[in-house]
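First up is the structure itself, then whatever we jot down about it.
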Amino acid sequence: VAKIGTEDNYDQNDFVTRVDQEGFDDPDIVIIHGGTNDRRASTPNHVPLGEYGYDIPVDQLDRTCFRSSYVAMVRKIMEKHPGVKIVCIIGDTLNTEKYQGLADSIKDIASHYGFPVVSFTYALESADGVHPNASGAQYMADRIFEVMEQEGLLYYKK
């Protein structure tokens with residue numbers, strides 16, 4: 001989610017940069033699954049959490065911190081695509097004591113904006129300990145479907 005590195009060597013794959021560069025055609029729903037790389041990107045345990053910055057102009061948010069980067073991404077998506085519905089994913093590797101700050105930050109931001117959250121536990125089936133295998137991906141899809149159904153988003157059109 002956040003920019004990673006030094007001022008001279010920022011990671012250009014952060015989510016805000018991707019929204020700016022790639023964007024989306026005209027989405028009705030955007031599913032955000034981010035934070036996994038933020039957990040391993042910095043010392044001691046993850047990128048700094050920082051402040052949320054809900055009232056700070058987007059271009060002034062600190063994109064080297066997780067919370068303000070996530071808020072910037074969400075706000076850019078909402079500005080570019082009025083009426084879009086957003087669903088936030090908390091990946092299984094964030095639902096551990098060590099990274100609970102990242103998971104809680106996603107919950108806080110989702111709550112602030114009224115977004116549904118789909119949270120996974122570390123029990124997903126995975127080939128490499130991070131990325132789900134076919135069975136793990138099917139489980140994730142089913143759980144996302146359930147939450148979207150509960151939220152009335154399955155057939156949402158803006």
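Ordered as shown in the structure tokens, chains take letters A, B, and onward, while each chain numbers its residues from 1 and ligands are numbered from 1 in the order shown.
Of the residues in segment 14-71 of chain A, those given alpha helix (DSSP H) by DSSP on the backbone are Phe15, Val16, Thr17, Arg18, Val19, Asp20, Gln21, Phe66, Arg67, Ser68, Ser69, Tyr70 and Val71 of chain A.
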Tell me, as an NGL selection string, which residues lie within 12 Å of Asp59 of chain A, counting only C-alpha atoms; anything in the same chain fewer than 6 positions away does not count.
-> :A and (16-17 or 20 or 53 or 68-69 or 71-73 or 75-76)
For the selection you just gave me, I'd like the residues written to a file as a PDB file, in the first residue's frame, keeping N, CA and C atoms.
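Printed below is again_11.pdb as written:
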ATOM      1  N   VAL A  16      -1.445   3.892  -4.438  1.00  0.00           N
ATOM      2  CA  VAL A  16      -1.890   5.194  -4.930  1.00  0.00           C
ATOM      3  C   VAL A  16      -1.316   5.441  -6.319  1.00  0.00           C
ATOM      4  N   THR A  17      -0.049   5.112  -6.526  1.00  0.00           N
ATOM      5  CA  THR A  17       0.559   5.258  -7.847  1.00  0.00           C
ATOM      6  C   THR A  17      -0.173   4.399  -8.872  1.00  0.00           C
ATOM      7  N   ASP A  20      -3.413   6.042  -9.812  1.00  0.00           N
ATOM      8  CA  ASP A  20      -3.147   7.190 -10.686  1.00  0.00           C
ATOM      9  C   ASP A  20      -2.774   6.754 -12.097  1.00  0.00           C
ATOM     10  N   GLY A  53      -5.127  10.790   8.762  1.00  0.00           N
ATOM     11  CA  GLY A  53      -5.169  11.969   7.908  1.00  0.00           C
ATOM     12  C   GLY A  53      -6.456  12.127   7.120  1.00  0.00           C
ATOM     13  N   SER A  68      -2.072   6.565   6.210  1.00  0.00           N
ATOM     14  CA  SER A  68      -2.335   7.693   5.312  1.00  0.00           C
ATOM     15  C   SER A  68      -2.271   7.256   3.846  1.00  0.00           C
ATOM     16  N   SER A  69      -1.467   6.268   3.525  1.00  0.00           N
ATOM     17  CA  SER A  69      -1.431   5.738   2.158  1.00  0.00           C
ATOM     18  C   SER A  69      -2.739   5.043   1.805  1.00  0.00           C
ATOM     19  N   VAL A  71      -5.666   5.589   3.190  1.00  0.00           N
ATOM     20  CA  VAL A  71      -6.691   6.631   3.086  1.00  0.00           C
ATOM     21  C   VAL A  71      -6.567   7.353   1.737  1.00  0.00           C
ATOM     22  N   ALA A  72      -5.336   7.674   1.330  1.00  0.00           N
ATOM     23  CA  ALA A  72      -5.131   8.342   0.034  1.00  0.00           C
ATOM     24  C   ALA A  72      -5.655   7.489  -1.108  1.00  0.00           C
ATOM     25  N   MET A  73      -5.362   6.198  -1.065  1.00  0.00           N
ATOM     26  CA  MET A  73      -5.828   5.294  -2.119  1.00  0.00           C
ATOM     27  C   MET A  73      -7.356   5.274  -2.180  1.00  0.00           C
ATOM     28  N   ARG A  75      -9.519   7.470  -1.062  1.00  0.00           N
ATOM     29  CA  ARG A  75     -10.073   8.757  -1.481  1.00  0.00           C
ATOM     30  C   ARG A  75      -9.889   8.984  -2.986  1.00  0.00           C
ATOM     31  N   LYS A  76      -8.751   8.583  -3.532  1.00  0.00           N
ATOM     32  CA  LYS A  76      -8.533   8.727  -4.979  1.00  0.00           C
ATOM     33  C   LYS A  76      -9.514   7.850  -5.767  1.00  0.00           C
TER      34      LYS A  76
END
Atom CA of Met78 of chain A and atom CA of Tyr113 of chain A, how far apart in Å?
->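 Computing the Euclidean distance for atom CA of Tyr113 of chain A and atom CA of Met78 of chain A yields 10.5 Å.
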Any idea what's packed within 8 Å of Thr121 of chain A, counting only C-alpha atoms, ignoring anything in its chain fewer than 5 positions away? Could you give it as a ChimeraX atom specification?
-> /A:91-93,95
Selection export as a JSON list (two decimals), in the first residue's frame, atoms kept: N, CA and C atoms:
[["chain", "number", "residue", "atom", "x", "y", "z"],
["A", 91, "GLY", "N", -5.83, -9.63, 4.68],
["A", 91, "GLY", "CA", -5.20, -10.90, 4.35],
["A", 91, "GLY", "C", -4.79, -11.69, 5.57],
["A", 92, "ASP", "N", -4.70, -12.98, 5.38],
["A", 92, "ASP", "CA", -4.42, -13.89, 6.48],
["A", 92, "ASP", "C", -3.08, -13.61, 7.16],
["A", 93, "THR", "N", -2.09, -13.15, 6.43],
["A", 93, "THR", "CA", -0.79, -12.91, 7.06],
["A", 93, "THR", "C", -0.79, -11.66, 7.94],
["A", 95, "ASN", "N", -3.39, -11.06, 10.03],
["A", 95, "ASN", "CA", -4.15, -11.44, 11.21],
["A", 95, "ASN", "C", -3.30, -12.26, 12.18]]
Hey, which of A:Arg143, A:Asn37, A:Gly101, A:Val1 ends up closest to Val74 of chain A? Count only C-alpha atoms.
-> A:Val1
Assign secondary structure with DSSP using the backbone only, and return the residues of chain A in strand (DSSP E or B) as number ranges by chain.
-> A: 29-33, 85-90, 117-119, 126, 132
